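Below: target16.csv (CSV, C-alpha atoms and all ligand atoms)
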chain,number,residue,atom,x,y,z
A,1,MET,CA,17.3,9.6,-25.8
A,2,ARG,CA,15.1,10.3,-22.8
A,3,ARG,CA,15.5,7.7,-20.1
A,4,PRO,CA,12.0,6.5,-18.9
A,5,ILE,CA,10.9,7.3,-15.3
A,6,ILE,CA,8.3,5.3,-13.4
A,7,ALA,CA,7.4,7.1,-10.2
A,8,GLY,CA,5.1,5.7,-7.5
A,9,ASN,CA,3.0,8.1,-5.5
A,10,TRP,CA,2.0,6.3,-2.3
A,11,LYS,CA,-0.2,9.3,-1.2
A,12,LEU,CA,-1.8,8.7,2.3
A,13,HIS,CA,-0.9,5.0,2.5
A,14,LYS,CA,1.6,2.8,4.2
A,15,LYS,CA,2.9,3.1,7.7
A,16,THR,CA,6.4,2.0,8.6
A,17,VAL,CA,6.1,-1.8,8.4
A,18,GLU,CA,4.1,-1.9,5.2
A,19,ALA,CA,6.2,0.9,3.6
A,20,LEU,CA,9.5,-0.9,4.3
A,21,GLU,CA,8.1,-4.2,3.1
A,22,LEU,CA,6.9,-2.5,-0.1
A,23,ALA,CA,10.2,-0.7,-0.7
A,24,ARG,CA,12.3,-3.9,-0.2
A,25,GLU,CA,9.9,-5.9,-2.5
A,26,ILE,CA,10.2,-3.3,-5.2
A,27,VAL,CA,14.0,-3.5,-5.0
A,28,ARG,CA,13.9,-7.3,-5.2
A,29,LEU,CA,11.5,-7.3,-8.2
A,30,THR,CA,13.3,-4.6,-10.2
A,31,GLU,CA,16.9,-5.6,-9.8
A,32,ASP,CA,17.4,-6.2,-13.5
A,33,CYS,CA,15.3,-3.2,-14.6
A,34,THR,CA,18.3,-0.9,-15.3
A,35,ASP,CA,16.8,1.0,-18.3
A,36,THR,CA,14.2,2.8,-16.2
A,37,GLU,CA,14.6,5.4,-13.5
A,38,ILE,CA,12.5,4.4,-10.5
A,39,ILE,CA,11.2,6.8,-7.9
A,40,VAL,CA,8.9,6.3,-4.9
A,41,ALA,CA,7.1,9.0,-2.9
A,42,PRO,CA,6.2,7.7,0.5
A,43,SER,CA,4.5,9.8,3.2
A,44,PHE,CA,6.6,12.3,5.2
A,45,THR,CA,6.7,10.2,8.3
A,46,VAL,CA,8.4,7.2,6.7
A,47,LEU,CA,10.7,9.0,4.2
A,48,GLY,CA,13.8,8.6,6.3
A,49,LYS,CA,13.3,4.9,6.9
A,50,VAL,CA,12.4,4.1,3.3
A,51,SER,CA,15.4,6.1,2.1
A,52,GLU,CA,17.6,4.0,4.4
A,53,ALA,CA,16.1,0.8,3.2
A,54,LEU,CA,16.6,1.9,-0.4
A,55,SER,CA,20.2,3.2,0.0
A,56,GLY,CA,22.5,1.3,-2.3
A,57,SER,CA,19.6,0.5,-4.6
A,58,ARG,CA,18.9,2.4,-7.8
A,59,ILE,CA,15.5,3.6,-6.5
A,60,SER,CA,15.2,7.3,-5.6
A,61,VAL,CA,12.9,8.8,-3.0
A,62,ALA,CA,10.6,11.8,-3.4
A,63,GLY,CA,8.6,13.9,-1.1
A,64,GLN,CA,4.9,14.4,-2.0
A,65,ASP,CA,5.0,18.1,-1.5
A,66,CYS,CA,7.1,20.8,0.3
A,67,PHE,CA,6.9,24.3,1.5
A,68,TRP,CA,8.8,27.2,0.0
A,69,GLN,CA,10.4,28.5,3.2
A,70,GLU,CA,13.4,26.6,4.6
A,71,GLU,CA,12.5,27.2,8.2
A,72,GLY,CA,10.3,29.3,10.5
A,73,ALA,CA,7.0,29.5,12.2
A,74,PHE,CA,5.0,27.4,9.7
A,75,THR,CA,3.3,24.7,11.7
A,76,GLY,CA,2.8,21.5,9.8
A,77,GLU,CA,5.0,22.3,6.8
A,78,VAL,CA,8.0,20.4,5.5
A,79,SER,CA,10.9,22.3,3.9
A,80,PRO,CA,13.0,21.2,0.9
A,81,GLY,CA,16.1,20.9,3.2
A,82,MET,CA,14.1,18.5,5.4
A,83,LEU,CA,13.3,16.4,2.4
A,84,LEU,CA,17.0,16.3,1.5
A,85,ASP,CA,17.9,15.5,5.1
A,86,ALA,CA,15.4,12.5,5.0
A,87,GLY,CA,17.2,11.2,1.9
A,88,CYS,CA,15.0,12.5,-0.9
A,89,THR,CA,16.4,13.5,-4.2
A,90,HIS,CA,13.0,14.5,-5.7
A,91,VAL,CA,9.8,16.2,-4.7
A,92,ILE,CA,6.4,16.1,-6.3
A,93,ILE,CA,4.8,19.6,-6.6
A,94,GLY,CA,1.3,20.7,-7.6
A,95,HIS,CA,-0.4,17.3,-7.6
A,96,SER,CA,-4.0,17.8,-8.4
A,97,GLU,CA,-5.1,16.6,-4.9
A,98,ARG,CA,-2.9,19.4,-3.5
A,99,ARG,CA,-4.6,21.8,-5.8
A,100,GLN,CA,-8.1,20.5,-5.2
A,101,HIS,CA,-8.0,20.0,-1.4
A,102,PHE,CA,-5.1,22.1,0.0
A,103,GLY,CA,-5.2,25.3,-2.0
A,104,ASP,CA,-2.2,24.9,-4.2
A,105,THR,CA,-2.3,27.3,-7.2
A,106,ASP,CA,0.0,27.9,-10.1
A,107,ALA,CA,1.6,30.7,-8.1
A,108,THR,CA,2.3,28.5,-5.0
A,109,VAL,CA,3.5,25.6,-7.3
A,110,ASN,CA,6.0,28.1,-8.7
A,111,ARG,CA,7.2,29.2,-5.3
A,112,LYS,CA,7.6,25.6,-4.1
A,113,THR,CA,9.3,24.5,-7.3
A,114,LYS,CA,11.8,27.4,-7.1
A,115,ALA,CA,12.6,26.7,-3.4
A,116,ALA,CA,13.0,22.9,-4.1
A,117,LEU,CA,15.3,23.6,-7.0
A,118,LEU,CA,17.4,26.0,-5.0
A,119,SER,CA,17.9,23.4,-2.3
A,120,GLY,CA,19.1,20.9,-5.0
A,121,LEU,CA,16.0,18.7,-5.3
A,122,SER,CA,14.7,17.6,-8.7
A,123,VAL,CA,11.0,18.5,-9.1
A,124,ILE,CA,8.1,16.6,-10.6
A,125,VAL,CA,5.7,19.4,-11.5
A,126,CYS,CA,2.1,18.1,-11.9
A,127,ILE,CA,-0.4,19.6,-14.2
A,128,GLY,CA,-3.7,18.5,-15.7
A,129,GLU,CA,-7.2,19.6,-16.6
A,130,THR,CA,-10.5,18.7,-14.8
A,131,LEU,CA,-13.3,16.9,-16.6
A,132,GLN,CA,-15.3,20.1,-16.8
A,133,GLU,CA,-12.4,21.9,-18.4
A,134,ARG,CA,-11.9,19.1,-20.9
A,135,GLU,CA,-15.6,19.0,-21.8
A,136,ALA,CA,-15.5,22.8,-22.3
A,137,GLY,CA,-12.7,22.4,-24.8
A,138,GLU,CA,-10.3,24.2,-22.4
A,139,THR,CA,-7.7,21.4,-22.0
A,140,LEU,CA,-4.8,23.0,-23.9
A,141,SER,CA,-5.4,26.5,-22.5
A,142,VAL,CA,-5.4,25.1,-18.9
A,143,ILE,CA,-2.3,23.2,-19.6
A,144,GLU,CA,-0.5,26.2,-21.1
A,145,ARG,CA,-1.5,28.3,-18.1
A,146,GLN,CA,-0.3,25.7,-15.6
A,147,VAL,CA,3.1,25.1,-17.4
A,148,ARG,CA,3.8,28.9,-17.8
A,149,GLY,CA,2.6,29.6,-14.2
A,150,GLY,CA,4.5,26.7,-12.7
A,151,LEU,CA,7.7,27.4,-14.5
A,152,GLN,CA,7.6,31.2,-14.3
A,153,ASP,CA,11.1,32.7,-13.9
A,154,ILE,CA,12.8,29.3,-13.7
A,155,CYS,CA,16.0,29.5,-15.7
A,156,ALA,CA,17.2,27.2,-18.5
A,157,ARG,CA,19.7,25.5,-16.2
A,158,ASP,CA,17.0,24.6,-13.7
A,159,ILE,CA,14.5,23.2,-16.3
A,160,ARG,CA,17.0,20.3,-16.6
A,161,LYS,CA,16.1,19.3,-13.0
A,162,ILE,CA,12.4,19.4,-13.7
A,163,VAL,CA,10.1,16.5,-14.8
A,164,ILE,CA,6.6,17.4,-15.9
A,165,ALA,CA,3.7,15.0,-15.1
A,166,TYR,CA,0.6,15.4,-17.1
A,167,GLU,CA,-2.3,14.0,-15.0
A,168,PRO,CA,-5.8,14.6,-16.3
A,169,VAL,CA,-7.8,15.0,-13.0
A,170,TRP,CA,-10.6,12.9,-14.4
A,171,ALA,CA,-8.3,10.0,-14.9
A,172,ILE,CA,-6.8,10.0,-11.4
A,173,GLY,CA,-8.0,7.1,-9.2
A,174,THR,CA,-11.1,6.6,-11.4
A,175,GLY,CA,-9.9,3.7,-13.6
A,176,LYS,CA,-10.4,5.9,-16.6
A,177,THR,CA,-7.1,6.4,-18.5
A,178,ALA,CA,-6.7,9.1,-21.2
A,179,THR,CA,-6.5,7.3,-24.5
A,180,ASP,CA,-3.0,7.2,-26.0
A,181,VAL,CA,-4.1,9.7,-28.5
A,182,GLN,CA,-5.5,12.1,-25.9
A,183,ALA,CA,-2.3,11.8,-23.8
A,184,GLN,CA,0.0,12.2,-26.7
A,185,GLU,CA,-1.8,15.3,-27.9
A,186,VAL,CA,-1.2,17.0,-24.6
A,187,HIS,CA,2.4,15.8,-24.1
A,188,SER,CA,3.4,17.1,-27.5
A,189,PHE,CA,1.7,20.4,-26.7
A,190,ILE,CA,3.6,20.6,-23.4
A,191,ARG,CA,6.9,20.0,-25.3
A,192,THR,CA,6.0,22.9,-27.7
A,193,ILE,CA,5.5,25.2,-24.8
A,194,VAL,CA,8.8,24.2,-23.2
A,195,SER,CA,10.5,24.8,-26.6
A,196,ARG,CA,9.0,28.3,-26.7
A,197,LEU,CA,9.9,29.1,-23.1
A,198,TYR,CA,13.4,27.6,-23.2
A,199,SER,CA,14.8,26.0,-26.4
A,200,PRO,CA,14.2,23.1,-28.8
A,201,THR,CA,17.0,21.2,-27.0
A,202,ASP,CA,15.4,21.6,-23.6
A,203,SER,CA,12.0,20.6,-25.1
A,204,ASP,CA,13.7,17.5,-26.6
A,205,THR,CA,15.3,16.5,-23.3
A,206,VAL,CA,12.6,17.3,-20.7
A,207,ARG,CA,10.9,14.2,-19.5
A,208,ILE,CA,7.1,14.3,-19.5
A,209,LEU,CA,5.3,11.6,-17.5
A,210,TYR,CA,1.6,10.6,-17.8
A,211,GLY,CA,-0.4,9.9,-14.7
A,212,GLY,CA,-4.0,8.8,-14.1
A,213,SER,CA,-5.0,5.1,-13.7
A,214,VAL,CA,-1.8,3.7,-15.1
A,215,LYS,CA,-1.7,-0.1,-14.8
A,216,PRO,CA,0.5,-2.9,-16.0
A,217,ASP,CA,-1.9,-3.4,-19.0
A,218,ASN,CA,-2.1,0.1,-20.3
A,219,ILE,CA,1.5,1.3,-19.8
A,220,ARG,CA,2.8,-0.2,-23.1
A,221,GLY,CA,0.3,1.7,-25.2
A,222,LEU,CA,1.1,4.9,-23.3
A,223,MET,CA,4.9,4.4,-23.6
A,224,SER,CA,4.6,3.8,-27.4
A,225,CYS,CA,3.6,7.5,-27.8
A,226,PRO,CA,6.6,9.5,-28.9
A,227,ASP,CA,6.2,12.2,-26.2
A,228,ILE,CA,5.4,10.1,-23.2
A,229,ASP,CA,8.5,9.3,-21.1
A,230,GLY,CA,7.1,7.4,-18.2
A,231,ALA,CA,4.4,7.5,-15.6
A,232,LEU,CA,3.4,8.8,-12.2
A,233,VAL,CA,1.5,5.9,-10.7
A,234,GLY,CA,-0.9,6.1,-7.7
A,235,GLY,CA,-3.0,3.1,-6.9
A,236,ALA,CA,-0.9,0.6,-8.8
A,237,SER,CA,2.3,1.6,-7.1
A,238,LEU,CA,1.0,0.3,-3.7
A,239,SER,CA,1.7,-3.3,-4.7
A,240,ALA,CA,5.2,-4.2,-5.6
A,241,THR,CA,3.9,-6.7,-8.1
A,242,SER,CA,1.9,-4.3,-10.2
A,243,PHE,CA,4.4,-1.5,-9.8
A,244,SER,CA,7.3,-3.7,-11.0
A,245,SER,CA,5.1,-5.0,-13.9
A,246,ILE,CA,4.6,-1.3,-14.9
A,247,ILE,CA,8.3,-0.8,-14.8
A,248,ARG,CA,9.0,-3.9,-16.9
A,249,ASN,CA,6.3,-3.0,-19.4
A,250,SER,CA,7.7,0.6,-19.7
A,251,LYS,CA,10.7,-0.2,-21.9
B,301,LIG,P1,-3.8,6.8,-9.9
B,301,LIG,O1,-3.1,8.1,-9.3
B,301,LIG,O2,-2.7,6.0,-10.6
B,301,LIG,O3,-4.3,6.1,-8.7
B,301,LIG,O4,-4.8,7.2,-10.8
B,301,LIG,C1,-2.1,8.8,-10.1
B,301,LIG,C2,-1.6,10.0,-9.3
B,301,LIG,O5,-2.4,10.6,-8.6
B,301,LIG,O6,-0.4,10.4,-9.4
Turn this file's structure into structure tokens for me.
Amino acid sequence: MRRPIIAGNWKLHKKTVEALELAREIVRLTEDCTDTEIIVAPSFTVLGKVSEALSGSRISVAGQDCFWQEEGAFTGEVSPGMLLDAGCTHVIIGHSERRQHFGDTDATVNRKTKAALLSGLSVIVCIGETLQEREAGETLSVIERQVRGGLQDICARDIRKIVIAYEPVWAIGTGKTATDVQAQEVHSFIRTIVSRLYSPTDSDTVRILYGGSVKPDNIRGLMSCPDIDGALVGGASLSATSFSSIIRNSK
């Protein structure tokens, strides 16, 4: 049995007051949702405060990215140890916005993932094809390259601390969700790659989230797919009401 995860990626939204309000409201609205693991990823500047506000709740906190060095002359970067220090248990690595706008590649995703694992964080590794790649029939080859590249040299023990998020780039923030069939096809393919790289047991236990315009009204269909174990939610995670409805509908 894979426990569902609903993770909210707040991206570049919410300063202290709104972030704390959102965090507290999510706690209030999900007190009875014990079947689902809940994660929120606020911006770096509010991580510490949100972690404090959530301490004692069942909600975990994630960074939206991290660097692979623990310290040094790397202006503007945040290390895995700093995320831990701010109360994070997880980090999102390789989000398509990082790949599109900030130069993340499969190689840097791999370095960041390894560094985060070494420090004890769990990692949500994001992958997904662009519209152009899908239309050219390259979806599965892109996914295979991203999974193999992102997980390169990561040992079997560490794969248990990894969650994979499949987020088709064309579905992020566009209101276009992949159909359940499109998402299931890719999720099942990812599981096959994990089985080849690790073992059938690891492929059975690894949790694979879908991301891209997930809303309270499409989560049920997605969750009914056998290989979809939850969601990474952007826009709809910025309101406690819609985020908690997604959590409720994810069972
Ligand atoms: P969206 O974002 O739900 O706003 O499409 C998803 C994501 O980027 O993780």
For A:Val186, the closest of A:Ile127, A:Ala231, A:Ala156, A:Val78 counting all atoms listed in the file is A:Ile127
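Within 7 Å of A:Pro42, once all atoms listed in the file are used and residues closer than 6 positions along the same chain are dropped, the contacting residues are Asn9, Trp10, Lys11 and Gly63 of chain A.
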When the cut-off is 10 Å and you count only C-alpha atoms and all ligand atoms, which residues lie near ligand LIG 301 (chain B), shown as a PyMOL selection string? chain A and resi 7-11+64+92+95-97+126+165-177+209-215+231-238
Any idea what's packed within 7 Å of stretch 52-58 of chain A, counting only C-alpha atoms, ignoring anything in its chain fewer than 4 positions away? Could you give it as a ChimeraX atom specification? /A:20,23-24,27,48
Just to be explicit: take each residue in the selection above, keep C-alpha atoms, and write the result as a PDB file, keeping the file's coordinate frame.
ATOM      1  CA  LEU A  20       9.500  -0.900   4.300  1.00  0.00           C
ATOM      2  CA  ALA A  23      10.200  -0.700  -0.700  1.00  0.00           C
ATOM      3  CA  ARG A  24      12.300  -3.900  -0.200  1.00  0.00           C
ATOM      4  CA  VAL A  27      14.000  -3.500  -5.000  1.00  0.00           C
ATOM      5  CA  GLY A  48      13.800   8.600   6.300  1.00  0.00           C
TER       6      GLY A  48
END
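Note that atom CA of A:Leu29 and atom CA of A:Phe243 are 9.3 Å apart.
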Generate all heavy atoms for stretch 159-170 of chain A and emit them as a compact mmCIF listing (two decimals), keeping the file's coordinate frame.
# COMPACT_ATOMS: atom_id res chain seq x y z
N ILE A 159 15.58 24.04 -15.63
CA ILE A 159 14.50 23.20 -16.30
C ILE A 159 15.06 21.79 -16.47
O ILE A 159 14.30 20.84 -16.53
CB ILE A 159 14.11 23.84 -17.68
CG1 ILE A 159 12.94 23.08 -18.29
CG2 ILE A 159 15.22 23.91 -18.67
CD1 ILE A 159 11.64 23.27 -17.58
N ARG A 160 16.38 21.65 -16.46
CA ARG A 160 17.00 20.30 -16.60
C ARG A 160 16.74 19.45 -15.36
O ARG A 160 16.95 18.24 -15.38
CB ARG A 160 18.45 20.39 -16.93
CG ARG A 160 18.57 20.91 -18.34
CD ARG A 160 19.88 21.40 -18.82
NE ARG A 160 19.58 22.37 -19.88
CZ ARG A 160 20.32 23.42 -20.19
NH1 ARG A 160 21.44 23.66 -19.54
NH2 ARG A 160 19.95 24.24 -21.14
N LYS A 161 16.34 20.10 -14.26
CA LYS A 161 16.10 19.30 -13.00
C LYS A 161 14.56 19.17 -12.81
O LYS A 161 14.10 18.82 -11.73
CB LYS A 161 16.70 20.04 -11.83
CG LYS A 161 18.23 20.07 -11.94
CD LYS A 161 18.89 20.19 -10.60
CE LYS A 161 18.79 18.90 -9.81
NZ LYS A 161 19.39 18.98 -8.48
N ILE A 162 13.81 19.48 -13.86
CA ILE A 162 12.40 19.40 -13.70
C ILE A 162 11.81 18.26 -14.64
O ILE A 162 12.25 18.10 -15.78
CB ILE A 162 11.69 20.72 -14.12
CG1 ILE A 162 11.98 21.73 -13.00
CG2 ILE A 162 10.20 20.58 -14.36
CD1 ILE A 162 11.35 23.07 -13.18
N VAL A 163 10.88 17.52 -14.08
CA VAL A 163 10.10 16.50 -14.80
C VAL A 163 8.69 17.03 -14.80
O VAL A 163 8.22 17.49 -13.74
CB VAL A 163 10.23 15.14 -14.16
CG1 VAL A 163 9.30 14.13 -14.81
CG2 VAL A 163 11.68 14.64 -14.17
N ILE A 164 7.99 16.96 -15.91
CA ILE A 164 6.60 17.40 -15.90
C ILE A 164 5.71 16.16 -15.90
O ILE A 164 5.98 15.20 -16.62
CB ILE A 164 6.30 18.29 -17.14
CG1 ILE A 164 7.18 19.56 -17.08
CG2 ILE A 164 4.82 18.66 -17.22
CD1 ILE A 164 7.13 20.43 -18.32
N ALA A 165 4.68 16.17 -15.05
CA ALA A 165 3.70 15.00 -15.10
C ALA A 165 2.38 15.56 -15.50
O ALA A 165 1.79 16.43 -14.83
CB ALA A 165 3.64 14.41 -13.68
N TYR A 166 1.91 15.05 -16.63
CA TYR A 166 0.60 15.40 -17.10
C TYR A 166 -0.42 14.38 -16.53
O TYR A 166 -0.34 13.19 -16.86
CB TYR A 166 0.49 15.40 -18.63
CG TYR A 166 -0.94 15.46 -19.12
CD1 TYR A 166 -1.78 16.51 -18.73
CD2 TYR A 166 -1.47 14.46 -19.94
CE1 TYR A 166 -3.10 16.55 -19.13
CE2 TYR A 166 -2.80 14.50 -20.35
CZ TYR A 166 -3.61 15.55 -19.94
OH TYR A 166 -4.91 15.59 -20.32
N GLU A 167 -1.30 14.86 -15.66
CA GLU A 167 -2.30 14.00 -15.00
C GLU A 167 -3.67 14.57 -15.18
O GLU A 167 -4.06 15.44 -14.39
CB GLU A 167 -1.96 13.81 -13.55
CG GLU A 167 -0.56 13.28 -13.28
CD GLU A 167 -0.48 12.68 -11.88
OE1 GLU A 167 -0.63 13.41 -10.90
OE2 GLU A 167 -0.32 11.46 -11.79
N PRO A 168 -4.43 14.13 -16.17
CA PRO A 168 -5.80 14.60 -16.30
C PRO A 168 -6.56 14.27 -14.98
O PRO A 168 -6.55 13.10 -14.58
CB PRO A 168 -6.37 13.90 -17.48
CG PRO A 168 -5.38 12.87 -17.89
CD PRO A 168 -4.11 13.10 -17.16
N VAL A 169 -7.15 15.26 -14.35
CA VAL A 169 -7.80 15.00 -13.00
C VAL A 169 -8.83 13.94 -13.11
O VAL A 169 -8.97 13.11 -12.21
CB VAL A 169 -8.35 16.36 -12.48
CG1 VAL A 169 -9.03 16.15 -11.15
CG2 VAL A 169 -7.25 17.41 -12.35
N TRP A 170 -9.55 13.90 -14.23
CA TRP A 170 -10.60 12.90 -14.40
C TRP A 170 -10.13 11.50 -14.54
O TRP A 170 -10.92 10.55 -14.50
CB TRP A 170 -11.51 13.32 -15.60
CG TRP A 170 -10.71 13.62 -16.84
CD1 TRP A 170 -10.21 14.85 -17.20
CD2 TRP A 170 -10.31 12.71 -17.85
NE1 TRP A 170 -9.52 14.73 -18.37
CE2 TRP A 170 -9.56 13.43 -18.80
CE3 TRP A 170 -10.50 11.34 -18.06
CZ2 TRP A 170 -9.00 12.86 -19.94
CZ3 TRP A 170 -9.95 10.75 -19.21
CH2 TRP A 170 -9.22 11.50 -20.12
